[in-house]
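Below is one structure, written out as structure tokens, with a few remarks after it.
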Amino acid sequence: MDTASHQPEAAPRPPSARIAAGAGLRVVGKGLRLAARLGAPDADWEHALARLLGWLGIAAEPGGSAALHFAPWAPVFPAAFRDGGAGLPDADWAASYLFDHGQGSAGAGVLDLVLMSAHPGSGAARPGTLAAMIRAARAESRTRIALVQPADEAGRTASVARAHASAGEGAALDVLAIEEALAGLSSPRPRWDALIVSPQLRSAVFARLAQASGIGAPWPMVWHGCAGAVRICAESAAAHGAPLPLDAPLLVQALALALRQAGLGTAARDLHESAAQLRESGVVTPARGSRAPYVTSIADARFVELVCAGTTTARRAPPRWRALPGAAARRTGAAPRLALVHSDLSANR
């Protein structure tokens with residue numbers, strides 16, 4: 001595929017950035033404070049993040065010690081949930097996102113799934129963790145929820161009753177033993193849009209979803225505590241502690257989630273939509289390829305440049321990602337301030 005039409009010279013800024021610039025505003029920190037030392041682990045991540053923030057019109061500034069940690073280059077291995085949680089962030093529960101809009105007819109083949117688990121230590125012991133995960137899924141308009149547990153736990157009356165009460169009206173909730181869930185997890189497009197999985201089963205479920213979907217690249221991961229999100233990183237079955245190489249789709253999705261946490265839903269959607277339209281036009285990266293014919297794989301740094309160029313040959317609007325607020329949530333007033341501080345791998349706990 002010829003990508004000559006995807007040149008970034010003009011680089012039009014997204015609507016959210018144009019509005020902010022026209023009003024003489026700087027977008028800097030109300031809820032997004034990514035704590036610890038400033039700077040990504042290498043120049044590739046640093047440049048790509050700066051490029052995306054510049055395109056969005058967002059100024060990055062240091063935050064306080066209680067800020068959200070932003071480290072999509074820092075991998076979490078799902079087996080850590082099974083092994084007692086050593087090295088996991090100090091939080092109650094985690095949500096990793098598996099999103100692929102596919103290619104072809106609008107909305108066809110969309111994969112939009114969140115995989116949630118309690119922290120095997122602090123989160124599993126907190127009575128409200130299950131309800132918090134279900135409420136978070138419902139807040140993202142996810143209505144097909146599965147609670148996957150070991151066989152000896154799946155029938156516990158108390159947990160089932162709490163789960164159904166938290167799901168509320170309009171949601172279909174399946175409470176399944178892992179053996180009952182395996183067939184559905186083996187589909188490239190599972191019938192659920194939210195999976196809440198016991199910590200000891202997370203590694204097996206993650207591996208099954210990655211294999212079935214064909215997406216073996218890292219997923220963006222958000223850790224939550226009592227007061228909200230505390231860390232954004234990545235979950236990868238191939239992780240062994242070292243920083244990940246630049247992964248442009250992962251960075252785009254992680255940054256969109258961070259912007260959402262800051263209340264910057266418009267900027268989050270602008271970022272997601274530009275990347276999704278680029279993939280719809282047939283441009284992919286080595287780690288996040290496509291089964292569709294006639295695609296062009298380009299370097300991750302180049303993908304970031306094309307996202308910021310905002311020019312694609314896609315003819316259809318990309319489907320909505322449930323992780324981001326809908327258009328009705330667009331702000332009409334001044335944007336909040338966004339403080340951005342990057343965390344290194346030594347700040348896990």
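Residues are referred to by chain and number: the chain letter is A, B, ... according to the order shown in the structure tokens, the number counts from 1 in that chain, and ligands are numbered separately from 1 in the order shown.
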DSSP says strand (DSSP E) for which residues of stretch 91-294 of chain A? Put them as a ChimeraX atom specification? /A:93-100,111-118,144-149,172-177,194-197,219-225,228-235,283-284
Selection from above, N, CA and C atoms, as a tab-separated table (two decimals), in the first residue's frame, can you write it?
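Result file follows (out-v5.tsv):
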```tsv
chain	number	residue	atom	x	y	z
A	93	TRP	N	-7.49	-3.08	42.30
A	93	TRP	CA	-7.86	-3.89	41.14
A	93	TRP	C	-7.31	-3.28	39.86
A	94	ALA	N	-7.29	-4.09	38.82
A	94	ALA	CA	-6.72	-3.67	37.55
A	94	ALA	C	-7.69	-3.95	36.41
A	95	ALA	N	-7.61	-3.13	35.37
A	95	ALA	CA	-8.40	-3.32	34.15
A	95	ALA	C	-7.48	-3.17	32.95
A	96	SER	N	-7.40	-4.20	32.13
A	96	SER	CA	-6.64	-4.13	30.88
A	96	SER	C	-7.61	-4.14	29.71
A	97	TYR	N	-7.25	-3.43	28.65
A	97	TYR	CA	-8.17	-3.20	27.54
A	97	TYR	C	-7.67	-3.86	26.27
A	98	LEU	N	-8.55	-4.64	25.67
A	98	LEU	CA	-8.27	-5.30	24.39
A	98	LEU	C	-9.25	-4.71	23.37
A	99	PHE	N	-8.72	-3.81	22.53
A	99	PHE	CA	-9.57	-3.14	21.54
A	99	PHE	C	-8.95	-3.27	20.17
A	100	ASP	N	-9.78	-3.70	19.23
A	100	ASP	CA	-9.37	-3.76	17.82
A	100	ASP	C	-10.61	-3.50	16.98
A	111	LEU	N	-13.59	-5.65	18.34
A	111	LEU	CA	-13.26	-6.31	19.60
A	111	LEU	C	-13.06	-5.22	20.63
A	112	ASP	N	-13.92	-5.17	21.63
A	112	ASP	CA	-13.89	-4.12	22.65
A	112	ASP	C	-14.15	-4.79	23.99
A	113	LEU	N	-13.09	-5.16	24.69
A	113	LEU	CA	-13.19	-5.98	25.88
A	113	LEU	C	-12.32	-5.40	26.98
A	114	VAL	N	-12.80	-5.46	28.21
A	114	VAL	CA	-11.99	-5.10	29.37
A	114	VAL	C	-11.85	-6.33	30.25
A	115	LEU	N	-10.62	-6.58	30.71
A	115	LEU	CA	-10.31	-7.72	31.56
A	115	LEU	C	-9.94	-7.19	32.94
A	116	MET	N	-10.75	-7.51	33.94
A	116	MET	CA	-10.57	-6.98	35.28
A	116	MET	C	-10.22	-8.08	36.27
A	117	SER	N	-9.42	-7.75	37.27
A	117	SER	CA	-9.12	-8.66	38.37
A	117	SER	C	-8.78	-7.85	39.60
A	118	ALA	N	-9.12	-8.40	40.75
A	118	ALA	CA	-8.69	-7.79	42.01
A	118	ALA	C	-7.20	-8.04	42.21
A	144	ARG	N	-22.57	-6.79	28.90
A	144	ARG	CA	-22.42	-8.25	28.85
A	144	ARG	C	-21.19	-8.62	29.68
A	145	ILE	N	-21.43	-8.90	30.94
A	145	ILE	CA	-20.37	-9.07	31.92
A	145	ILE	C	-20.30	-10.53	32.36
A	146	ALA	N	-19.09	-11.06	32.43
A	146	ALA	CA	-18.88	-12.42	32.94
A	146	ALA	C	-17.97	-12.36	34.15
A	147	LEU	N	-18.38	-13.05	35.20
A	147	LEU	CA	-17.58	-13.22	36.40
A	147	LEU	C	-17.03	-14.64	36.35
A	148	VAL	N	-15.71	-14.77	36.13
A	148	VAL	CA	-15.09	-16.08	35.93
A	148	VAL	C	-14.28	-16.44	37.17
A	149	GLN	N	-14.62	-17.57	37.78
A	149	GLN	CA	-14.02	-17.98	39.05
A	149	GLN	C	-13.62	-19.46	38.98
A	172	ALA	N	-26.46	-8.05	31.44
A	172	ALA	CA	-26.50	-9.51	31.49
A	172	ALA	C	-25.23	-9.97	32.19
A	173	LEU	N	-25.39	-10.65	33.32
A	173	LEU	CA	-24.25	-11.08	34.10
A	173	LEU	C	-24.19	-12.60	34.15
A	174	ASP	N	-23.09	-13.16	33.66
A	174	ASP	CA	-22.86	-14.59	33.73
A	174	ASP	C	-21.83	-14.86	34.83
A	175	VAL	N	-22.16	-15.76	35.73
A	175	VAL	CA	-21.21	-16.20	36.76
A	175	VAL	C	-20.80	-17.61	36.39
A	176	LEU	N	-19.51	-17.78	36.02
A	176	LEU	CA	-19.07	-19.02	35.40
A	176	LEU	C	-17.84	-19.59	36.08
A	177	ALA	N	-17.79	-20.90	36.15
A	177	ALA	CA	-16.53	-21.57	36.45
A	177	ALA	C	-15.64	-21.48	35.22
A	194	ALA	N	-17.05	-7.38	29.08
A	194	ALA	CA	-16.29	-7.20	30.32
A	194	ALA	C	-16.11	-8.57	30.98
A	195	LEU	N	-14.90	-8.87	31.38
A	195	LEU	CA	-14.58	-10.10	32.08
A	195	LEU	C	-13.97	-9.74	33.43
A	196	ILE	N	-14.55	-10.24	34.49
A	196	ILE	CA	-14.01	-10.07	35.84
A	196	ILE	C	-13.51	-11.44	36.28
A	197	VAL	N	-12.20	-11.57	36.40
A	197	VAL	CA	-11.57	-12.88	36.53
A	197	VAL	C	-10.83	-12.96	37.86
A	219	TRP	N	-1.26	-4.93	26.22
A	219	TRP	CA	-2.51	-4.19	26.35
A	219	TRP	C	-2.31	-3.06	27.35
A	220	PRO	N	-2.98	-1.91	27.16
A	220	PRO	CA	-2.92	-0.87	28.19
A	220	PRO	C	-3.65	-1.33	29.45
A	221	MET	N	-3.09	-0.99	30.61
A	221	MET	CA	-3.58	-1.49	31.89
A	221	MET	C	-3.72	-0.33	32.87
A	222	VAL	N	-4.88	-0.25	33.53
A	222	VAL	CA	-5.14	0.80	34.51
A	222	VAL	C	-5.36	0.16	35.87
A	223	TRP	N	-4.58	0.62	36.86
A	223	TRP	CA	-4.74	0.16	38.24
A	223	TRP	C	-5.56	1.17	39.03
A	224	HIS	N	-6.48	0.66	39.84
A	224	HIS	CA	-7.40	1.52	40.59
A	224	HIS	C	-7.27	1.26	42.09
A	225	GLY	N	-7.37	2.34	42.86
A	225	GLY	CA	-7.46	2.27	44.31
A	225	GLY	C	-8.78	2.83	44.78
A	228	GLY	N	-9.63	6.14	42.99
A	228	GLY	CA	-9.59	6.21	41.54
A	228	GLY	C	-8.32	5.58	40.98
A	229	ALA	N	-8.02	5.92	39.72
A	229	ALA	CA	-6.87	5.34	39.05
A	229	ALA	C	-5.57	5.80	39.69
A	230	VAL	N	-4.62	4.88	39.85
A	230	VAL	CA	-3.34	5.21	40.46
A	230	VAL	C	-2.17	4.95	39.52
A	231	ARG	N	-2.35	4.11	38.50
A	231	ARG	CA	-1.23	3.78	37.62
A	231	ARG	C	-1.74	3.30	36.27
A	232	ILE	N	-1.07	3.73	35.20
A	232	ILE	CA	-1.32	3.22	33.86
A	232	ILE	C	-0.02	2.61	33.36
A	233	CYS	N	-0.08	1.34	33.00
A	233	CYS	CA	1.11	0.64	32.52
A	233	CYS	C	0.68	-0.27	31.38
A	234	ALA	N	1.32	-1.41	31.22
A	234	ALA	CA	0.98	-2.36	30.16
A	234	ALA	C	0.95	-3.76	30.75
A	235	GLU	N	0.14	-4.63	30.15
A	235	GLU	CA	0.12	-6.03	30.53
A	235	GLU	C	0.58	-6.84	29.33
A	283	VAL	N	-2.92	1.08	7.49
A	283	VAL	CA	-1.58	1.32	8.04
A	283	VAL	C	-1.50	0.68	9.42
A	284	VAL	N	-0.54	-0.22	9.62
A	284	VAL	CA	-0.40	-0.95	10.88
A	284	VAL	C	1.06	-0.89	11.33
```
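Close contacts of A:Ala48, defined as residues with an atom at most 10 Å away when counting only C-alpha atoms, with chain neighbours fewer than 6 positions off set aside, comprise Ala40, Gly54, Leu246, Asp247, Ala248, Leu251, Val252, Asp300, Ala301, Arg302, Phe303, Val304 and Glu305 of chain A.
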Okay, now the selection with C-alpha atoms, as a CSV table (one decimal), in the first residue's frame?
```csv
chain,number,residue,atom,x,y,z
A,40,ALA,CA,10.3,8.0,29.6
A,54,GLY,CA,2.0,18.7,21.3
A,246,LEU,CA,8.1,1.8,21.6
A,247,ASP,CA,4.7,0.5,20.8
A,248,ALA,CA,2.7,3.3,19.1
A,251,LEU,CA,1.0,4.5,23.7
A,252,VAL,CA,-2.1,6.0,21.9
A,300,ASP,CA,6.0,2.8,15.4
A,301,ALA,CA,7.6,6.3,15.3
A,302,ARG,CA,6.2,6.8,11.9
A,303,PHE,CA,2.8,5.7,13.0
A,304,VAL,CA,2.8,8.4,15.7
A,305,GLU,CA,3.7,11.0,13.1
```
Enter the distance from atom CA of A:Pro190 to atom CA of A:Gly170, in Å, rounded to one decimal.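 Atom-to-atom, atom CA of A:Pro190 and atom CA of A:Gly170 are spaced 19.1 Å apart.
Put simply, atom CA of A:Leu257 is 15.6 Å away from atom CA of A:Ala74.
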Please identify the helix (DSSP H, G or I) residues within stretch 156-328 of chain A (assignment by DSSP from backbone atoms) and present them as a ChimeraX atom specification. /A:157-167,178-185,199-213,248-261,265-280,300-309,327-328
Quick one: distance from atom CA of A:Arg82 to atom CA of A:Val205 in Å, one decimal?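 Separation between atom CA of A:Arg82 and atom CA of A:Val205: 11.6 Å.
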Pick out the closest residue to A:Leu278 from this set: A:Pro325, A:Gly265, A:Pro89, A:Pro249. Count only C-alpha atoms.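 Of all the options, A:Pro249 lies closest to A:Leu278.
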